[in-house]
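S.K.: Handing you a structure now.
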Amino acid sequence: MNEDTVIKHDSKKKAEQYHAGTSPNQHTLKNAVTLHGVGLHTGKEVTMTMRPANPGHGIRFQRIDLPEKPVVKADVDFVVDTSRGTTIEYNGARVSTIEHTMAALVGMGIDNVLIEMDGPEVPIMDGSAREFMEAIESSGIEEQEAKRIVYTIDSNIHYYDPVKKVDMLAIPANDYQVTALIDFNSPVLGTQHAVLRHITEFRTEIGPCRTFCFLHELEYLLDNNLIKGGDLNNAIVVVDKIVAPEELQRLAKVFNKQKIEVKQEGILNNVQLHFSNEPARHKLLDVIGDLALAGHSIKAHIIASRPGHATNVEFAKKIKQYIKKNKHIADIPHYDPSQQAIYDINHIVKVLPHKFPFLFVDKIIELSDNHVVGVKSVTFNEHFFQGHFPGNPVMPGVLQIEALAQTGGILALNNISDPENYDTYFLKIDKVKFKNIVRPGDTLILKMELLSPIRRGIVEMKGTTYVGNKLATEAELVAQLIRKDKK
């Protein structure tokens, strides 16, 4: 069998009308929602309640059945077991089989949620993410004011397990995409692959796809009492061998069925597949759920060949390490000299009171109500190089701060209706750090961001300067807008 994911364009169009995962803002639930079910491996009844959470909270599980009700963050650093699902543990709180819930949250665009549980294992439900998605939909999705941070990778991230022959690759892309390929050397299952081209497809194309196992695996798990909550309604059982009648009778008794049979398709009890490549789609679902434990959203195309929970988690660790190492790059403004500036030097001269030789902003390339990005081209002809280390020209740090202050002045004045009647005076400069030297020939990128809304003319900002991808200077500045007729 060699199947690809077939996208239903009508359902995709409907999903794209609004999807929290495509919004620039973070999202949580509107209301708490509760599910009841049985843990696949423990067989224990579990009540799970998903509750709204504040921006930046992330996804956390709470064991309300334990003393002090400990909380464990859904993070790859807390994974303790991947043998038959993904298990996390911290501070005495252990939660297993979290991958389907994690995938549902990612697929529905939920960033912040507290998941209360009165047991150690997430209920298996029907073996897919469907019922978790339906619970999220019944709760409603609430957009939050905080921005969602999505990291862009600029080089491939690769992981290979030579023993399991698992290959995981993340390549730069404009959106989050996933391709999963499976090959179990089975005449029934064959080779399959599935593709998620856009997160809006998850709800209909990936989320309903159920977990699966082979009959020989099921027999081992049953013999060792490892799937106490297993049922033919929450898993697809692939039969790749001739099964004796007495074995079918035993399975019927175990699963409380009158009759169990194997039809020509090689699926136990003739379960109707949602898709011809449902197993590959479920593996893709697991990849999404496990990679969410990296703790960061990324723009990348994930290609997973023969994935499993253990290798998914190892790959999630590599992604987290990459982001940690390159985290500052996501905040660096991109400067394209060929793009027209928002404000050129002629406009800047009119807005700011500074003139040659004390004007240190050449153009403004980004401007919103809470941030501004300016550019300063540093040349050897700058007047200050004549006396500041003339044999080893270095832009004075105090002038880098002044360049930030002038850029911040543009931001502050842009927030009032009559900027021509105001001047900006700086009251405080704090937490100044000089990271790298600025020399002639460098293009200095100047970024200022509001730390809080402007109140009573007081402007609190964080400033950073960059040369290429290198951070040169950072500082926090406080300024005051004062009318020219009240000086």
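Following the order of the structure tokens, chains are lettered A, B, ..., residues in each are numbered from 1, and ligands are numbered from 1.
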If you count only C-alpha atoms, which residues fall within 10 Å of stretch 30-37 of chain A, apart from same-chain ones fewer than 6 positions away, as an MDAnalysis selection string?
M.R.: chainID A and resid 43:53 113:117 121:126 131:132 135:143 229
S.K.: I need the chosen residues saved as a PDB file, in the first residue's frame, with C-alpha atoms.
M.R.:
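Printed below is result-v1.pdb as written:
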ATOM      1  CA  GLY A  43      -7.159   0.730  33.203  1.00  0.00           C
ATOM      2  CA  LYS A  44      -8.042   3.360  35.814  1.00  0.00           C
ATOM      3  CA  GLU A  45     -11.047   5.643  35.495  1.00  0.00           C
ATOM      4  CA  VAL A  46      -9.877   9.223  35.065  1.00  0.00           C
ATOM      5  CA  THR A  47     -11.661  12.560  35.175  1.00  0.00           C
ATOM      6  CA  MET A  48      -9.775  15.245  33.270  1.00  0.00           C
ATOM      7  CA  THR A  49     -10.734  18.925  33.357  1.00  0.00           C
ATOM      8  CA  MET A  50      -9.147  21.459  31.008  1.00  0.00           C
ATOM      9  CA  ARG A  51      -9.229  25.000  32.418  1.00  0.00           C
ATOM     10  CA  PRO A  52      -8.395  28.436  30.943  1.00  0.00           C
ATOM     11  CA  ALA A  53      -4.952  29.811  31.810  1.00  0.00           C
ATOM     12  CA  VAL A 113      -4.342  25.556  29.600  1.00  0.00           C
ATOM     13  CA  LEU A 114      -4.271  23.858  32.998  1.00  0.00           C
ATOM     14  CA  ILE A 115      -5.302  20.197  32.818  1.00  0.00           C
ATOM     15  CA  GLU A 116      -6.506  18.786  36.128  1.00  0.00           C
ATOM     16  CA  MET A 117      -6.502  14.995  36.520  1.00  0.00           C
ATOM     17  CA  GLU A 121      -2.961   8.555  32.912  1.00  0.00           C
ATOM     18  CA  VAL A 122      -4.794  10.628  30.320  1.00  0.00           C
ATOM     19  CA  PRO A 123      -7.924   8.721  29.191  1.00  0.00           C
ATOM     20  CA  ILE A 124      -7.467   6.973  25.868  1.00  0.00           C
ATOM     21  CA  MET A 125     -11.005   7.826  24.641  1.00  0.00           C
ATOM     22  CA  ASP A 126     -11.286   6.435  21.090  1.00  0.00           C
ATOM     23  CA  GLU A 131     -12.818  13.803  21.668  1.00  0.00           C
ATOM     24  CA  PHE A 132     -10.228  16.227  23.050  1.00  0.00           C
ATOM     25  CA  ALA A 135     -14.165  19.216  24.184  1.00  0.00           C
ATOM     26  CA  ILE A 136     -12.112  22.268  23.189  1.00  0.00           C
ATOM     27  CA  GLU A 137     -14.753  23.263  20.666  1.00  0.00           C
ATOM     28  CA  SER A 138     -17.536  22.911  23.256  1.00  0.00           C
ATOM     29  CA  SER A 139     -15.585  25.101  25.662  1.00  0.00           C
ATOM     30  CA  GLY A 140     -14.890  27.771  23.068  1.00  0.00           C
ATOM     31  CA  ILE A 141     -11.559  29.368  22.235  1.00  0.00           C
ATOM     32  CA  GLU A 142     -10.574  32.761  23.630  1.00  0.00           C
ATOM     33  CA  GLU A 143      -8.012  35.042  22.029  1.00  0.00           C
ATOM     34  CA  GLY A 229      -7.855  -0.261  29.585  1.00  0.00           C
TER      35      GLY A 229
END
S.K.: If you count only C-alpha atoms, which residues fall within 9 Å of A:Lys147, apart from same-chain ones fewer than 2 positions away, as a PyMOL selection string?
M.R.: chain A and resi 23-26+55+144-145+149
S.K.: Export N, CA and C atoms of the chosen residues as a compact mmCIF listing (two decimals), in the first residue's frame?
M.R.:
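Done, and the output landed in out_32.txt:
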# COMPACT_ATOMS: atom_id res chain seq x y z
N SER A 23 -3.51 32.63 14.21
CA SER A 23 -3.55 33.99 14.76
C SER A 23 -2.18 34.37 15.33
N PRO A 24 -1.81 35.65 15.30
CA PRO A 24 -0.54 36.07 15.91
C PRO A 24 -0.61 36.10 17.44
N ASN A 25 -1.82 36.00 18.00
CA ASN A 25 -1.98 36.07 19.45
C ASN A 25 -2.11 34.69 20.09
N GLN A 26 -1.86 34.63 21.39
CA GLN A 26 -2.04 33.40 22.14
C GLN A 26 -3.53 33.16 22.38
N PRO A 55 -1.94 34.15 29.74
CA PRO A 55 -0.90 34.17 28.70
C PRO A 55 0.46 33.80 29.29
N GLN A 144 -6.20 35.90 23.39
CA GLN A 144 -5.60 36.68 24.46
C GLN A 144 -4.77 37.82 23.89
N GLU A 145 -4.47 38.80 24.72
CA GLU A 145 -3.78 39.99 24.22
C GLU A 145 -2.31 39.72 23.92
N ILE A 149 4.70 33.59 20.29
CA ILE A 149 6.07 33.61 19.79
C ILE A 149 6.29 32.37 18.92
S.K.: Can you list, as a PDB file with C-alpha atoms, in the first residue's frame, every protein, DNA or RNA residue that comes within 12 Å of A:Leu413 when you count only C-alpha atoms, leaving out same-chain residues fewer than 5 positions away?
M.R.:
ATOM      1  CA  ILE A 348      13.251  62.471  10.760  1.00  0.00           C
ATOM      2  CA  LYS A 350      11.438  67.492  10.817  1.00  0.00           C
ATOM      3  CA  VAL A 351      10.253  65.343  13.752  1.00  0.00           C
ATOM      4  CA  LEU A 352      13.340  65.311  15.983  1.00  0.00           C
ATOM      5  CA  PRO A 353      15.013  68.458  17.327  1.00  0.00           C
ATOM      6  CA  LEU A 367       6.811  51.516  13.320  1.00  0.00           C
ATOM      7  CA  SER A 368       3.757  50.464  15.339  1.00  0.00           C
ATOM      8  CA  ASP A 369       2.019  51.717  18.461  1.00  0.00           C
ATOM      9  CA  ASN A 370       4.422  49.755  20.678  1.00  0.00           C
ATOM     10  CA  HIS A 371       7.702  49.416  18.798  1.00  0.00           C
ATOM     11  CA  VAL A 372      10.010  51.134  16.330  1.00  0.00           C
ATOM     12  CA  GLN A 406      16.381  59.319  19.328  1.00  0.00           C
ATOM     13  CA  THR A 407      14.703  56.253  17.828  1.00  0.00           C
ATOM     14  CA  GLY A 408      12.560  56.011  20.947  1.00  0.00           C
ATOM     15  CA  ASP A 418       0.229  66.768  17.697  1.00  0.00           C
ATOM     16  CA  PRO A 419       3.867  65.649  17.924  1.00  0.00           C
ATOM     17  CA  GLU A 420       5.124  68.967  16.567  1.00  0.00           C
ATOM     18  CA  ASN A 421       4.182  70.553  19.921  1.00  0.00           C
ATOM     19  CA  TYR A 422       6.232  68.142  22.060  1.00  0.00           C
ATOM     20  CA  ASP A 423       9.828  67.261  22.833  1.00  0.00           C
ATOM     21  CA  THR A 424      11.072  64.046  24.430  1.00  0.00           C
ATOM     22  CA  TYR A 425      13.375  64.238  27.454  1.00  0.00           C
ATOM     23  CA  ILE A 454       2.299  55.572  27.863  1.00  0.00           C
ATOM     24  CA  GLY A 457       3.598  61.452  29.188  1.00  0.00           C
ATOM     25  CA  ILE A 458       5.908  58.846  30.773  1.00  0.00           C
ATOM     26  CA  VAL A 459       7.389  56.426  28.235  1.00  0.00           C
ATOM     27  CA  ALA A 479      11.430  59.358  28.850  1.00  0.00           C
ATOM     28  CA  GLN A 480       8.862  62.100  29.317  1.00  0.00           C
ATOM     29  CA  LEU A 481       6.871  63.940  26.681  1.00  0.00           C
ATOM     30  CA  ILE A 482       6.729  67.654  27.493  1.00  0.00           C
ATOM     31  CA  ARG A 483       4.888  70.359  25.578  1.00  0.00           C
TER      32      ARG A 483
END
S.K.: With only C-alpha atoms as the atoms that count, which of A:Met461, A:Val166, A:Ala235, A:Leu285 lies nearest to A:Ala405?
M.R.: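 Ranked by minimum distance to A:Ala405, first place goes to A:Met461.
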S.K.: Nearest to A:Asn54: which of A:Val150, A:Leu29, A:Ala475, A:Leu411 is it, counting only C-alpha atoms?
M.R.: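 Of the candidates, the smallest distance to A:Asn54 is held by A:Leu29.
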S.K.: My list of candidates is A:Glu366, A:Asp485, A:Asp290, A:Asp344. Which is closest to A:Thr82 when distances are computed with only C-alpha atoms?
M.R.: A:Asp290
S.K.: Extract, using only C-alpha atoms, all DNA, RNA and protein residues at most 10 Å from A:Pro70, discarding same-chain residues fewer than 2 positions from it, and format them as a PyMOL selection string.
M.R.: chain A and resi 61-68+72+89-94
S.K.: As number ranges by chain, please: the residues near A:Phe358 (cut-off 10 Å, only C-alpha atoms, same-chain neighbours under 5 positions excluded).
M.R.: A: 353, 383-384, 399, 402-403, 406
S.K.: Per DSSP on the backbone, what are the strand (DSSP E) residues of stretch 11-232 of chain A, as a VMD selection string?
M.R.: chain A and resid 25 to 29 33 to 38 45 to 52 59 to 63 71 to 73 79 to 81 87 to 90 93 to 95 113 to 117 141 to 147 150 to 152 157 to 161 166 to 172 177 to 183 191 to 196 212 to 214
S.K.: Those residues you just picked out, can you put them in a file as a PDB file, in the first residue's frame with C-alpha atoms?
M.R.:
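part-v5.pdb, freshly written:
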ATOM      1  CA  ASN A  25      -1.978  36.075  19.451  1.00  0.00           C
ATOM      2  CA  GLN A  26      -2.041  33.405  22.142  1.00  0.00           C
ATOM      3  CA  HIS A  27      -5.259  31.510  22.894  1.00  0.00           C
ATOM      4  CA  THR A  28      -6.841  29.679  25.803  1.00  0.00           C
ATOM      5  CA  LEU A  29     -10.226  28.095  26.539  1.00  0.00           C
ATOM      6  CA  VAL A  33     -14.454  21.434  30.141  1.00  0.00           C
ATOM      7  CA  THR A  34     -14.374  17.922  31.617  1.00  0.00           C
ATOM      8  CA  LEU A  35     -13.829  14.487  30.067  1.00  0.00           C
ATOM      9  CA  HIS A  36     -14.157  11.043  31.651  1.00  0.00           C
ATOM     10  CA  GLY A  37     -12.448   7.900  30.449  1.00  0.00           C
ATOM     11  CA  VAL A  38     -10.114   4.996  31.104  1.00  0.00           C
ATOM     12  CA  GLU A  45     -11.047   5.643  35.495  1.00  0.00           C
ATOM     13  CA  VAL A  46      -9.877   9.223  35.065  1.00  0.00           C
ATOM     14  CA  THR A  47     -11.661  12.560  35.175  1.00  0.00           C
ATOM     15  CA  MET A  48      -9.775  15.245  33.270  1.00  0.00           C
ATOM     16  CA  THR A  49     -10.734  18.925  33.357  1.00  0.00           C
ATOM     17  CA  MET A  50      -9.147  21.459  31.008  1.00  0.00           C
ATOM     18  CA  ARG A  51      -9.229  25.000  32.418  1.00  0.00           C
ATOM     19  CA  PRO A  52      -8.395  28.436  30.943  1.00  0.00           C
ATOM     20  CA  ILE A  59       0.327  23.613  28.913  1.00  0.00           C
ATOM     21  CA  ARG A  60       0.481  22.104  32.394  1.00  0.00           C
ATOM     22  CA  PHE A  61      -0.984  19.018  34.038  1.00  0.00           C
ATOM     23  CA  GLN A  62      -2.066  18.948  37.683  1.00  0.00           C
ATOM     24  CA  ARG A  63      -2.557  15.770  39.724  1.00  0.00           C
ATOM     25  CA  VAL A  71       1.816  20.484  38.725  1.00  0.00           C
ATOM     26  CA  VAL A  72       4.034  19.267  35.892  1.00  0.00           C
ATOM     27  CA  LYS A  73       4.737  21.355  32.831  1.00  0.00           C
ATOM     28  CA  VAL A  79       9.804  13.158  29.999  1.00  0.00           C
ATOM     29  CA  VAL A  80      10.600  10.032  32.009  1.00  0.00           C
ATOM     30  CA  ASP A  81       9.192   7.208  29.867  1.00  0.00           C
ATOM     31  CA  THR A  87       5.053  10.134  30.193  1.00  0.00           C
ATOM     32  CA  ILE A  88       6.140  13.272  32.076  1.00  0.00           C
ATOM     33  CA  GLU A  89       6.945  13.651  35.769  1.00  0.00           C
ATOM     34  CA  TYR A  90       7.958  16.493  38.096  1.00  0.00           C
ATOM     35  CA  ALA A  93       3.397  14.324  39.639  1.00  0.00           C
ATOM     36  CA  ARG A  94       3.474  11.676  36.902  1.00  0.00           C
ATOM     37  CA  VAL A  95       1.151  11.859  33.894  1.00  0.00           C
ATOM     38  CA  VAL A 113      -4.342  25.556  29.600  1.00  0.00           C
ATOM     39  CA  LEU A 114      -4.271  23.858  32.998  1.00  0.00           C
ATOM     40  CA  ILE A 115      -5.302  20.197  32.818  1.00  0.00           C
ATOM     41  CA  GLU A 116      -6.506  18.786  36.128  1.00  0.00           C
ATOM     42  CA  MET A 117      -6.502  14.995  36.520  1.00  0.00           C
ATOM     43  CA  ILE A 141     -11.559  29.368  22.235  1.00  0.00           C
ATOM     44  CA  GLU A 142     -10.574  32.761  23.630  1.00  0.00           C
ATOM     45  CA  GLU A 143      -8.012  35.042  22.029  1.00  0.00           C
ATOM     46  CA  GLN A 144      -5.596  36.676  24.465  1.00  0.00           C
ATOM     47  CA  GLU A 145      -3.776  39.994  24.223  1.00  0.00           C
ATOM     48  CA  ALA A 146      -0.290  38.474  24.397  1.00  0.00           C
ATOM     49  CA  LYS A 147       1.511  37.694  21.159  1.00  0.00           C
ATOM     50  CA  VAL A 150       6.873  31.513  16.724  1.00  0.00           C
ATOM     51  CA  TYR A 151      10.500  30.763  15.931  1.00  0.00           C
ATOM     52  CA  THR A 152      11.853  30.580  12.401  1.00  0.00           C
ATOM     53  CA  ILE A 157      17.775  20.264  12.335  1.00  0.00           C
ATOM     54  CA  HIS A 158      18.493  16.542  11.967  1.00  0.00           C
ATOM     55  CA  TYR A 159      18.244  13.470  14.190  1.00  0.00           C
ATOM     56  CA  TYR A 160      18.993   9.886  13.219  1.00  0.00           C
ATOM     57  CA  ASP A 161      18.744   6.682  15.260  1.00  0.00           C
ATOM     58  CA  VAL A 166      14.471   6.478  12.453  1.00  0.00           C
ATOM     59  CA  ASP A 167      15.205   9.688  10.563  1.00  0.00           C
ATOM     60  CA  MET A 168      13.820  13.045  11.751  1.00  0.00           C
ATOM     61  CA  LEU A 169      14.418  16.286   9.890  1.00  0.00           C
ATOM     62  CA  ALA A 170      13.204  19.874  10.279  1.00  0.00           C
ATOM     63  CA  ILE A 171      13.812  22.179   7.343  1.00  0.00           C
ATOM     64  CA  PRO A 172      13.010  25.924   7.112  1.00  0.00           C
ATOM     65  CA  GLN A 177       4.118  21.310   8.135  1.00  0.00           C
ATOM     66  CA  VAL A 178       4.604  17.625   8.914  1.00  0.00           C
ATOM     67  CA  THR A 179       5.251  14.566   6.762  1.00  0.00           C
ATOM     68  CA  ALA A 180       5.258  11.106   8.355  1.00  0.00           C
ATOM     69  CA  LEU A 181       6.428   7.905   6.685  1.00  0.00           C
ATOM     70  CA  ILE A 182       5.978   4.422   8.138  1.00  0.00           C
ATOM     71  CA  ASP A 183       7.281   1.024   7.042  1.00  0.00           C
ATOM     72  CA  THR A 191       4.465   1.447   3.384  1.00  0.00           C
ATOM     73  CA  GLN A 192       2.407   4.561   4.018  1.00  0.00           C
ATOM     74  CA  HIS A 193       2.928   8.262   4.336  1.00  0.00           C
ATOM     75  CA  ALA A 194       0.746  11.171   5.380  1.00  0.00           C
ATOM     76  CA  VAL A 195       1.123  14.928   5.057  1.00  0.00           C
ATOM     77  CA  LEU A 196      -0.137  17.878   7.074  1.00  0.00           C
ATOM     78  CA  PHE A 212      -2.946   1.048  16.092  1.00  0.00           C
ATOM     79  CA  CYS A 213      -0.948  -2.033  16.962  1.00  0.00           C
ATOM     80  CA  PHE A 214      -0.229  -5.458  15.494  1.00  0.00           C
TER      81      PHE A 214
END
S.K.: Tell me which protein, DNA and RNA residues are within 10 Å of stretch 391-398 of chain A, counting only C-alpha atoms, leaving out same-chain ones fewer than 4 positions away, and put them as a list in words.
M.R.: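 Here the qualifying residues turn out to be Val378, Thr379, Phe380, Glu382, Phe384, Phe385, Gln386, Gly387, Glu402, Ala403, Leu404, Val432, Lys433, Phe434, Asn436, Ile437, Val438, Arg439, Pro440, Asp442, Ala472 and Thr473 of chain A.
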S.K.: Can you write out the residues you just picked, keeping C-alpha atoms, as an mmCIF file, in the first residue's frame?
M.R.:
data_model
loop_
_atom_site.group_PDB
_atom_site.id
_atom_site.type_symbol
_atom_site.label_atom_id
_atom_site.label_comp_id
_atom_site.auth_asym_id
_atom_site.auth_seq_id
_atom_site.Cartn_x
_atom_site.Cartn_y
_atom_site.Cartn_z
ATOM 1 C CA VAL A 378 28.164 54.040 10.675
ATOM 2 C CA THR A 379 30.897 55.540 8.454
ATOM 3 C CA PHE A 380 34.505 56.524 9.068
ATOM 4 C CA GLU A 382 31.572 60.412 11.610
ATOM 5 C CA PHE A 384 33.407 61.470 16.736
ATOM 6 C CA PHE A 385 35.939 59.088 15.163
ATOM 7 C CA GLN A 386 38.417 62.011 14.970
ATOM 8 C CA GLY A 387 38.940 61.942 18.709
ATOM 9 C CA GLU A 402 21.765 58.315 22.234
ATOM 10 C CA ALA A 403 20.855 56.699 18.900
ATOM 11 C CA LEU A 404 18.392 54.462 20.761
ATOM 12 C CA VAL A 432 22.888 49.108 30.073
ATOM 13 C CA LYS A 433 25.056 46.371 28.587
ATOM 14 C CA PHE A 434 27.537 46.610 25.728
ATOM 15 C CA ASN A 436 29.831 43.882 20.813
ATOM 16 C CA ILE A 437 31.957 46.648 19.302
ATOM 17 C CA VAL A 438 30.461 48.860 16.560
ATOM 18 C CA ARG A 439 32.972 49.944 13.910
ATOM 19 C CA PRO A 440 32.957 52.028 10.707
ATOM 20 C CA ASP A 442 28.605 48.611 10.277
ATOM 21 C CA ALA A 472 25.628 45.194 20.295
ATOM 22 C CA THR A 473 23.849 47.122 23.064
#
S.K.: Quick one: distance from atom CA of A:Gly409 to atom CA of A:Arg148 in Å, one decimal?
M.R.: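 Pair atom CA of A:Gly409 / atom CA of A:Arg148 returns 27.2 Å.
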S.K.: Distance atom CA of A:Pro307-atom CA of A:Gly58, one decimal place?
M.R.: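 Computing the Euclidean distance for atom CA of A:Pro307 and atom CA of A:Gly58 yields 25.3 Å.
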S.K.: DSSP on the backbone: which residues in stretch 332-460 of chain A end up as helix (DSSP H, G or I)? Give the answer as JSON, numbers by chain.
M.R.: {"A": [345, 346, 347, 348, 349, 350, 351, 383, 384, 385, 386, 397, 398, 399, 400, 401, 402, 403, 404, 405, 406, 407, 408, 409, 410, 411, 412, 413, 414, 419, 420, 421]}
S.K.: Let me see the file: selected residues, C-alpha atoms, as a PDB file, in the first residue's frame.
M.R.:
ATOM      1  CA  ILE A 345      16.090  61.293   6.878  1.00  0.00           C
ATOM      2  CA  ASN A 346      14.081  64.242   5.584  1.00  0.00           C
ATOM      3  CA  HIS A 347      11.093  63.337   7.745  1.00  0.00           C
ATOM      4  CA  ILE A 348      13.251  62.471  10.760  1.00  0.00           C
ATOM      5  CA  VAL A 349      14.886  65.909  10.668  1.00  0.00           C
ATOM      6  CA  LYS A 350      11.438  67.492  10.817  1.00  0.00           C
ATOM      7  CA  VAL A 351      10.253  65.343  13.752  1.00  0.00           C
ATOM      8  CA  HIS A 383      32.892  63.423  13.516  1.00  0.00           C
ATOM      9  CA  PHE A 384      33.407  61.470  16.736  1.00  0.00           C
ATOM     10  CA  PHE A 385      35.939  59.088  15.163  1.00  0.00           C
ATOM     11  CA  GLN A 386      38.417  62.011  14.970  1.00  0.00           C
ATOM     12  CA  GLY A 397      28.707  53.316  23.684  1.00  0.00           C
ATOM     13  CA  VAL A 398      27.116  56.509  24.962  1.00  0.00           C
ATOM     14  CA  LEU A 399      26.324  57.498  21.365  1.00  0.00           C
ATOM     15  CA  GLN A 400      24.712  54.118  20.740  1.00  0.00           C
ATOM     16  CA  ILE A 401      22.440  54.872  23.700  1.00  0.00           C
ATOM     17  CA  GLU A 402      21.765  58.315  22.234  1.00  0.00           C
ATOM     18  CA  ALA A 403      20.855  56.699  18.900  1.00  0.00           C
ATOM     19  CA  LEU A 404      18.392  54.462  20.761  1.00  0.00           C
ATOM     20  CA  ALA A 405      16.988  57.484  22.591  1.00  0.00           C
ATOM     21  CA  GLN A 406      16.381  59.319  19.328  1.00  0.00           C
ATOM     22  CA  THR A 407      14.703  56.253  17.828  1.00  0.00           C
ATOM     23  CA  GLY A 408      12.560  56.011  20.947  1.00  0.00           C
ATOM     24  CA  GLY A 409      11.643  59.653  20.491  1.00  0.00           C
ATOM     25  CA  ILE A 410      10.115  58.770  17.118  1.00  0.00           C
ATOM     26  CA  LEU A 411       8.014  56.050  18.819  1.00  0.00           C
ATOM     27  CA  ALA A 412       6.896  58.332  21.656  1.00  0.00           C
ATOM     28  CA  LEU A 413       5.953  61.211  19.382  1.00  0.00           C
ATOM     29  CA  ASN A 414       4.126  58.862  17.030  1.00  0.00           C
ATOM     30  CA  PRO A 419       3.867  65.649  17.924  1.00  0.00           C
ATOM     31  CA  GLU A 420       5.124  68.967  16.567  1.00  0.00           C
ATOM     32  CA  ASN A 421       4.182  70.553  19.921  1.00  0.00           C
TER      33      ASN A 421
END
